[in-house]
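Colleague: Sharing coords-v2.tsv (TSV, C-alpha atoms and all ligand atoms) below.
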```tsv
chain	number	residue	atom	x	y	z
H	4	MET	CA	89.85	102.24	100.05
H	5	GLY	CA	92.31	104.99	99.07
H	6	LYS	CA	92.07	106.46	102.56
H	7	ILE	CA	92.91	103.13	104.23
H	8	MET	CA	95.75	102.56	101.76
H	9	SER	CA	97.25	105.99	102.43
H	10	PHE	CA	97.07	105.30	106.18
H	11	VAL	CA	98.85	101.92	106.04
H	12	TYR	CA	101.07	102.40	102.97
H	13	ASP	CA	104.38	103.53	104.49
H	14	THR	CA	104.19	100.99	107.33
H	15	ALA	CA	103.14	98.12	105.07
H	16	MET	CA	105.90	98.91	102.60
H	17	ALA	CA	108.67	99.35	105.19
H	18	PRO	CA	110.05	95.77	104.96
H	19	LEU	CA	110.13	95.88	101.14
H	20	GLU	CA	111.75	99.32	101.24
H	21	ARG	CA	114.49	97.94	103.51
H	22	MET	CA	114.96	94.84	101.36
H	23	LEU	CA	115.02	96.46	97.93
H	24	PHE	CA	113.12	99.61	97.04
H	25	HIS	CA	115.15	102.08	99.11
H	26	ARG	CA	118.28	100.93	97.26
H	27	LEU	CA	116.64	101.23	93.83
H	28	ARG	CA	115.12	104.64	94.57
H	29	LYS	CA	118.48	105.91	95.86
H	30	GLN	CA	120.44	104.48	92.94
H	31	HIS	CA	118.22	105.95	90.23
H	32	LEU	CA	116.41	109.01	91.58
H	33	THR	CA	119.56	110.70	92.90
H	34	GLN	CA	120.88	110.79	89.30
H	35	LEU	CA	118.01	112.88	87.92
H	36	SER	CA	118.16	116.46	86.69
H	37	GLY	CA	115.98	119.10	85.06
H	38	THR	CA	112.18	119.21	85.23
H	39	VAL	CA	110.54	116.04	86.53
H	40	LEU	CA	106.98	114.72	86.37
H	41	GLU	CA	106.26	112.09	88.99
H	42	ILE	CA	103.23	109.90	88.25
H	43	GLY	CA	101.26	108.48	91.20
H	44	ALA	CA	103.36	110.05	93.94
H	45	GLY	CA	101.34	108.30	96.68
H	46	THR	CA	102.53	109.33	100.14
H	47	GLY	CA	105.59	111.11	98.67
H	48	VAL	CA	108.11	108.32	99.32
H	49	ASN	CA	110.32	109.49	96.45
H	50	PHE	CA	110.60	113.14	97.46
H	51	LYS	CA	113.62	112.74	99.73
H	52	TYR	CA	115.68	111.17	96.92
H	53	TYR	CA	115.50	114.09	94.47
H	54	PRO	CA	118.91	115.79	94.21
H	55	ASP	CA	119.64	119.51	93.82
H	56	THR	CA	120.17	118.98	90.09
H	57	VAL	CA	116.39	118.64	89.77
H	58	ASP	CA	114.87	122.08	89.08
H	59	PHE	CA	111.23	121.31	89.72
H	60	VAL	CA	108.95	118.32	90.34
H	61	LEU	CA	105.29	118.14	89.39
H	62	ALA	CA	103.94	115.20	91.38
H	63	ILE	CA	100.50	113.99	90.29
H	64	GLU	CA	98.30	111.72	92.37
H	65	PRO	CA	94.54	111.02	92.09
H	66	GLU	CA	93.86	110.15	95.77
H	67	SER	CA	93.37	113.16	98.04
H	68	SER	CA	94.26	111.16	101.18
H	69	MET	CA	97.61	110.24	99.61
H	70	ILE	CA	98.20	113.89	98.69
H	71	GLN	CA	97.64	114.99	102.29
H	72	ARG	CA	100.41	112.65	103.42
H	73	ALA	CA	102.71	113.54	100.51
H	74	LYS	CA	102.49	117.25	101.35
H	75	LYS	CA	104.16	116.54	104.71
H	76	LYS	CA	107.20	115.09	102.89
H	77	VAL	CA	107.90	118.09	100.66
H	78	HIS	CA	111.34	119.50	101.50
H	79	ALA	CA	113.47	122.33	100.10
H	80	LEU	CA	113.25	121.39	96.41
H	81	PRO	CA	110.26	122.91	94.56
H	82	ILE	CA	107.69	120.10	94.47
H	83	SER	CA	104.13	120.82	93.40
H	84	ILE	CA	101.52	118.13	94.11
H	85	LYS	CA	98.39	118.13	91.95
H	86	GLN	CA	95.33	115.91	92.06
H	87	GLN	CA	95.45	114.37	88.59
H	88	SER	CA	95.52	111.00	86.87
H	89	ALA	CA	98.16	109.80	84.46
H	90	GLU	CA	95.50	109.34	81.78
H	91	ASP	CA	94.81	113.09	81.73
H	92	ILE	CA	97.86	115.17	82.60
H	93	ASP	CA	97.28	118.89	82.87
H	94	ALA	CA	100.57	120.07	81.34
H	95	PRO	CA	101.59	121.41	77.92
H	96	ASP	CA	103.28	119.20	75.32
H	97	ASN	CA	107.08	118.77	75.59
H	98	THR	CA	107.38	120.04	79.18
H	99	PHE	CA	109.45	117.54	81.17
H	100	ASP	CA	113.03	116.26	80.98
H	101	VAL	CA	112.13	113.15	82.98
H	102	VAL	CA	108.93	111.30	83.83
H	103	ILE	CA	109.13	108.83	86.69
H	104	ALA	CA	106.71	106.23	88.02
H	105	THR	CA	107.47	103.87	90.89
H	106	LEU	CA	105.09	101.02	91.71
H	107	VAL	CA	102.30	102.80	89.84
H	108	PHE	CA	101.66	101.14	86.49
H	109	CYS	CA	100.18	98.07	88.19
H	110	SER	CA	97.30	100.27	89.44
H	111	ILE	CA	96.56	102.57	86.51
H	112	ASP	CA	93.16	101.91	84.92
H	113	GLN	CA	94.19	102.74	81.36
H	114	PRO	CA	97.98	102.25	81.11
H	115	ASP	CA	98.01	102.71	77.29
H	116	LYS	CA	96.36	106.10	77.62
H	117	ALA	CA	98.73	107.05	80.46
H	118	LEU	CA	101.76	106.19	78.31
H	119	GLU	CA	100.42	108.33	75.45
H	120	GLU	CA	99.99	111.24	77.87
H	121	ILE	CA	103.52	110.74	79.21
H	122	LYS	CA	104.84	110.70	75.65
H	123	ARG	CA	103.02	113.98	74.95
H	124	VAL	CA	104.37	115.90	77.96
H	125	LEU	CA	107.92	114.48	77.74
H	126	LYS	CA	110.43	116.59	75.79
H	127	PRO	CA	111.67	115.02	72.53
H	128	ASN	CA	115.03	114.21	74.17
H	129	GLY	CA	113.46	113.37	77.54
H	130	THR	CA	113.67	110.07	79.39
H	131	ILE	CA	111.39	107.97	81.53
H	132	LEU	CA	112.34	106.01	84.64
H	133	PHE	CA	109.96	103.37	85.95
H	134	ILE	CA	110.47	101.03	88.90
H	135	GLU	CA	107.64	98.51	88.73
H	136	HIS	CA	106.61	95.00	89.64
H	137	VAL	CA	105.56	93.00	86.58
H	138	ARG	CA	104.16	89.72	85.33
H	139	SER	CA	106.64	86.86	85.85
H	140	GLU	CA	108.38	85.11	82.98
H	141	GLU	CA	108.10	81.87	84.96
H	142	PRO	CA	104.85	80.14	83.90
H	143	ALA	CA	104.01	78.83	87.38
H	144	LEU	CA	104.54	82.21	88.99
H	145	ALA	CA	102.63	84.01	86.22
H	146	TRP	CA	99.77	81.54	86.70
H	147	LEU	CA	99.71	82.37	90.41
H	148	GLN	CA	99.76	86.10	89.66
H	149	ASP	CA	96.78	85.63	87.30
H	150	LYS	CA	94.85	83.70	89.96
H	151	LEU	CA	95.59	86.18	92.75
H	152	THR	CA	95.03	89.41	90.81
H	153	PRO	CA	91.18	89.55	90.85
H	154	ALA	CA	91.08	89.38	94.67
H	155	TRP	CA	94.30	91.36	95.21
H	156	ARG	CA	92.97	94.27	93.13
H	157	HIS	CA	90.16	94.72	95.64
H	158	VAL	CA	92.34	94.78	98.73
H	159	ALA	CA	95.27	96.66	97.20
H	160	ASP	CA	93.73	99.62	95.38
H	161	ASN	CA	93.52	98.15	91.86
H	162	CYS	CA	97.05	96.67	91.90
H	163	HIS	CA	97.40	94.09	89.11
H	164	LEU	CA	100.09	91.58	90.06
H	165	ASN	CA	100.20	90.27	86.50
H	166	ARG	CA	100.60	93.44	84.45
H	167	ASP	CA	103.23	93.19	81.70
H	168	THR	CA	104.43	96.76	82.08
H	169	GLY	CA	107.66	96.24	80.09
H	170	ARG	CA	105.67	95.16	77.03
H	171	LEU	CA	103.37	98.17	77.44
H	172	ILE	CA	106.30	100.60	77.69
H	173	ALA	CA	107.84	99.12	74.54
H	174	THR	CA	104.68	99.90	72.55
H	175	THR	CA	105.20	103.64	73.13
H	176	PHE	CA	108.91	104.17	73.98
H	177	THR	CA	112.32	102.70	73.19
H	178	ILE	CA	113.67	100.93	76.26
H	179	THR	CA	117.34	101.84	76.79
H	180	TYR	CA	118.01	100.11	80.12
H	181	GLN	CA	116.42	97.33	82.07
H	182	ALA	CA	117.45	95.70	85.35
H	183	HIS	CA	115.59	93.03	87.24
H	184	TYR	CA	115.29	91.86	90.84
H	185	ALA	CA	113.27	89.37	92.88
H	186	ARG	CA	113.03	86.62	90.25
H	187	LYS	CA	112.58	89.31	87.58
H	188	ILE	CA	109.28	90.44	89.10
H	189	VAL	CA	110.69	93.85	90.01
H	190	ARG	CA	112.15	95.82	87.12
H	191	VAL	CA	113.80	99.14	86.54
H	192	PHE	CA	113.10	100.54	83.08
H	193	LYS	CA	114.66	103.55	81.44
H	194	ALA	CA	113.35	104.59	78.05
H	195	LYS	CA	113.38	107.44	75.56
H	196	GLN	CA	111.06	108.74	72.90
H	197	THR	CA	111.01	106.44	69.89
H	198	ASP	CA	112.64	108.01	66.79
H	199	HIS	CA	110.38	108.06	63.77
T	1	LIG	C1	101.47	101.49	95.18
T	1	LIG	S1	101.25	103.20	95.21
T	1	LIG	C2	102.91	103.80	94.82
T	1	LIG	C3	103.21	105.12	95.45
T	1	LIG	C4	104.63	105.66	95.20
T	1	LIG	N1	104.83	105.97	93.82
T	1	LIG	C5	105.70	104.72	95.68
T	1	LIG	O1	106.66	104.46	94.96
T	1	LIG	O2	105.62	104.26	96.82
T	1	LIG	C6	100.38	103.49	93.67
T	1	LIG	C7	99.92	104.93	93.52
T	1	LIG	O3	99.45	105.12	92.19
T	1	LIG	C8	98.31	105.95	92.27
T	1	LIG	N2	97.50	105.79	91.04
T	1	LIG	C9	96.54	104.88	90.79
T	1	LIG	N3	95.98	105.08	89.60
T	1	LIG	C10	96.61	106.17	89.08
T	1	LIG	C11	96.44	106.89	87.87
T	1	LIG	N4	95.55	106.54	86.96
T	1	LIG	N5	97.24	107.96	87.66
T	1	LIG	C12	98.17	108.32	88.58
T	1	LIG	N6	98.36	107.67	89.74
T	1	LIG	C13	97.58	106.61	89.99
T	1	LIG	C14	97.60	105.47	93.51
T	1	LIG	O4	96.65	106.40	93.99
T	1	LIG	C15	98.77	105.28	94.46
T	1	LIG	O5	99.09	106.44	95.17
```
Step by step, read the file and then write its structure as structure tokens.
Ligand SMILES: C[S@@+](CC[C@H](N)C(=O)[O-])C[C@H]1O[C@@H](n2cnc3c(N)ncnc32)[C@H](O)[C@@H]1O

Modeller:
Amino acid sequence: MGKIMSFVYDTAMAPLERMLFHRLRKQHLTQLSGTVLEIGAGTGVNFKYYPDTVDFVLAIEPESSMIQRAKKKVHALPISIKQQSAEDIDAPDNTFDVVIATLVFCSIDQPDKALEEIKRVLKPNGTILFIEHVRSEEPALAWLQDKLTPAWRHVADNCHLNRDTGRLIATTFTITYQAHYARKIVRVFKAKQTDH
């Protein structure tokens, strides 16, 4: 399935990129700086948005067919792509200034474990930036998402339409910024380590 997804992904996403995601990626990714960990890089859609203020990007992605495509999008900035999952990140504690995930948390098998790993590798003053689609606050729409998810997961590489990613983030991090689009189904989250 991963191979088919990697083959169709950029073409299938093109209308949504034009409608919304290109704007959100440009708005938020071009502001980043320092060392960046990108979770679930897929075909490398985000690579062209990283500015010169970013020193280094470690992009992790479990699917080898996605990685092959992502490698073709690496440009001048140092970007290293590794075959890894968010639940088990091969990096020392306190390594990254920023961790980003775009359209990834819907597909992760163990999102709680992934967030704990992100917390571990993020520097104490680091930030996270997620652009994700989430469970609707509208009961009728949420009901539809619940009904569609079991079938959708099989055709769309484990994508859960009904995942409440904002609630999950808030269990591990302190959300500092949130913006919503498309009837609040698409959200941008920024968060920092929770002070204890
Ligand atoms: C919908 S694609 C998004 C790709 C890209 N981030 C984007 O914005 O277009 C979801 C990606 O998450 C990856 N993924 C799935 N489970 C993952 C996990 N446990 N850890 C890291 N990445 C994962 C998939 O292989 C896929 O490449």

Colleague: Grab me every residue within 8 Å of ligand LIG 1 (chain T), counting only C-alpha atoms and all ligand atoms, and send it over as a short mmCIF file (atom, residue, chain, number, x, y, z; two decimals) with C-alpha atoms, keeping the file's coordinate frame.

Modeller:
```
data_model
loop_
_atom_site.label_atom_id
_atom_site.label_comp_id
_atom_site.auth_asym_id
_atom_site.auth_seq_id
_atom_site.Cartn_x
_atom_site.Cartn_y
_atom_site.Cartn_z
CA GLY H 5 92.31 104.99 99.07
CA SER H 9 97.25 105.99 102.43
CA TYR H 12 101.07 102.40 102.97
CA ASP H 13 104.38 103.53 104.49
CA MET H 16 105.90 98.91 102.60
CA GLU H 41 106.26 112.09 88.99
CA ILE H 42 103.23 109.90 88.25
CA GLY H 43 101.26 108.48 91.20
CA ALA H 44 103.36 110.05 93.94
CA GLY H 45 101.34 108.30 96.68
CA THR H 46 102.53 109.33 100.14
CA GLY H 47 105.59 111.11 98.67
CA VAL H 48 108.11 108.32 99.32
CA ASN H 49 110.32 109.49 96.45
CA ILE H 63 100.50 113.99 90.29
CA GLU H 64 98.30 111.72 92.37
CA PRO H 65 94.54 111.02 92.09
CA GLU H 66 93.86 110.15 95.77
CA MET H 69 97.61 110.24 99.61
CA GLN H 87 95.45 114.37 88.59
CA SER H 88 95.52 111.00 86.87
CA ALA H 89 98.16 109.80 84.46
CA GLU H 90 95.50 109.34 81.78
CA ALA H 104 106.71 106.23 88.02
CA THR H 105 107.47 103.87 90.89
CA LEU H 106 105.09 101.02 91.71
CA VAL H 107 102.30 102.80 89.84
CA PHE H 108 101.66 101.14 86.49
CA CYS H 109 100.18 98.07 88.19
CA SER H 110 97.30 100.27 89.44
CA ILE H 111 96.56 102.57 86.51
CA ASP H 112 93.16 101.91 84.92
CA GLN H 113 94.19 102.74 81.36
CA PRO H 114 97.98 102.25 81.11
CA ALA H 117 98.73 107.05 80.46
CA ILE H 134 110.47 101.03 88.90
CA ASP H 160 93.73 99.62 95.38
CA ASN H 161 93.52 98.15 91.86
CA CYS H 162 97.05 96.67 91.90
#
```

Colleague: Under the rule of at most 12 Å, produce a per-residue listing of segment 67-167 of chain H near segment 178-185 of chain H: chain, number, name, the closest pair of atoms, and the distance in Å, as a tab-separated table, using all atoms listed in the file.

Modeller:
```
residue	atom	partner	partner_atom	distance
H:Thr130	CA	H:Thr179	CA	9.4
H:Ile131	CA	H:Ile178	CA	9.1
H:Leu132	CA	H:Tyr180	CA	9.3
H:Phe133	CA	H:Gln181	CA	9.7
H:Ile134	CA	H:Ala182	CA	9.5
H:Glu135	CA	H:His183	CA	9.8
H:His136	CA	H:Ala185	CA	9.3
H:Val137	CA	H:His183	CA	10.1
H:Arg138	CA	H:Ala185	CA	11.8
H:Ser139	CA	H:Ala185	CA	10.0
H:Glu140	CA	H:His183	CA	11.5
H:Leu144	CA	H:Ala185	CA	11.9
```

Colleague: Keeping C-alpha atoms, export the residues of the selection given above as a compact mmCIF listing (two decimals), in the frame of the given file.

Modeller:
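Output contents, as saved in selection.txt:
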```
# COMPACT_ATOMS: atom_id res chain seq x y z
CA THR H 130 113.67 110.07 79.39
CA ILE H 131 111.39 107.97 81.53
CA LEU H 132 112.34 106.01 84.64
CA PHE H 133 109.96 103.37 85.95
CA ILE H 134 110.47 101.03 88.90
CA GLU H 135 107.64 98.51 88.73
CA HIS H 136 106.61 95.00 89.64
CA VAL H 137 105.56 93.00 86.58
CA ARG H 138 104.16 89.72 85.33
CA SER H 139 106.64 86.86 85.85
CA GLU H 140 108.38 85.11 82.98
CA LEU H 144 104.54 82.21 88.99
```

Colleague: What does the structure give for the distance between atom CA of Phe59 of chain H and atom CA of Asp100 of chain H, in Å to one decimal?

Modeller: 10.3 Å

Colleague: Taking into account all atoms listed in the file, which residue in the set H:Gly169, H:Gly37, H:Pro153, H:Pro95 is nearest to Val60 of chain H?

Modeller: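 Ranked by minimum distance to Val60 of chain H, first place goes to H:Gly37.
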
Colleague: Kindly indicate which residue among H:Gln71, H:Thr33, H:Thr98, H:Thr175 lies nearest to Pro127 of chain H, using all atoms listed in the file for the distances.

Modeller: H:Thr98

Colleague: Name all residues at most 7 Å from Lys76 of chain H (count only C-alpha atoms; drop same-chain ones fewer than 2 positions away) and give them as a PDB file with C-alpha atoms, in the frame of the given file.

Modeller:
```pdb
ATOM      1  CA  GLY H  47     105.590 111.110  98.670  1.00  0.00           C
ATOM      2  CA  PHE H  50     110.600 113.140  97.460  1.00  0.00           C
ATOM      3  CA  ALA H  73     102.710 113.540 100.510  1.00  0.00           C
ATOM      4  CA  LYS H  74     102.490 117.250 101.350  1.00  0.00           C
ATOM      5  CA  HIS H  78     111.340 119.500 101.500  1.00  0.00           C
TER       6      HIS H  78
END
```

Colleague: Please provide as an NGL selection string all residues within 10 Å of Asn97 of chain H, with the sequence filter that same-chain residues fewer than 4 positions apart are discarded (counting only C-alpha atoms).

Modeller: :H and (121-129)

Colleague: Which residue, H:Leu19, H:Thr56, H:Ala194, H:Ile84, has the smallest gap to Ser36 of chain H when you use only C-alpha atoms?

Modeller: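 Smallest separation from Ser36 of chain H among the options: H:Thr56.
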
Colleague: Which of these residues is nearest to Val57 of chain H, using all atoms listed in the file: H:Gln148, H:Leu23, H:Phe99, H:Ile92?

Modeller: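 Checking each of H:Gln148, H:Leu23, H:Phe99, H:Ile92 against Val57 of chain H, counting all atoms listed in the file, the winner is H:Phe99.
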
Colleague: Point out the residue among H:Thr174, H:Thr152, H:Gln86, H:Thr197 with the least atom-to-atom distance to Ser67 of chain H, counting only C-alpha atoms.

Modeller: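 Of H:Thr174, H:Thr152, H:Gln86, H:Thr197, the one nearest Ser67 of chain H is H:Gln86, counting only C-alpha atoms.
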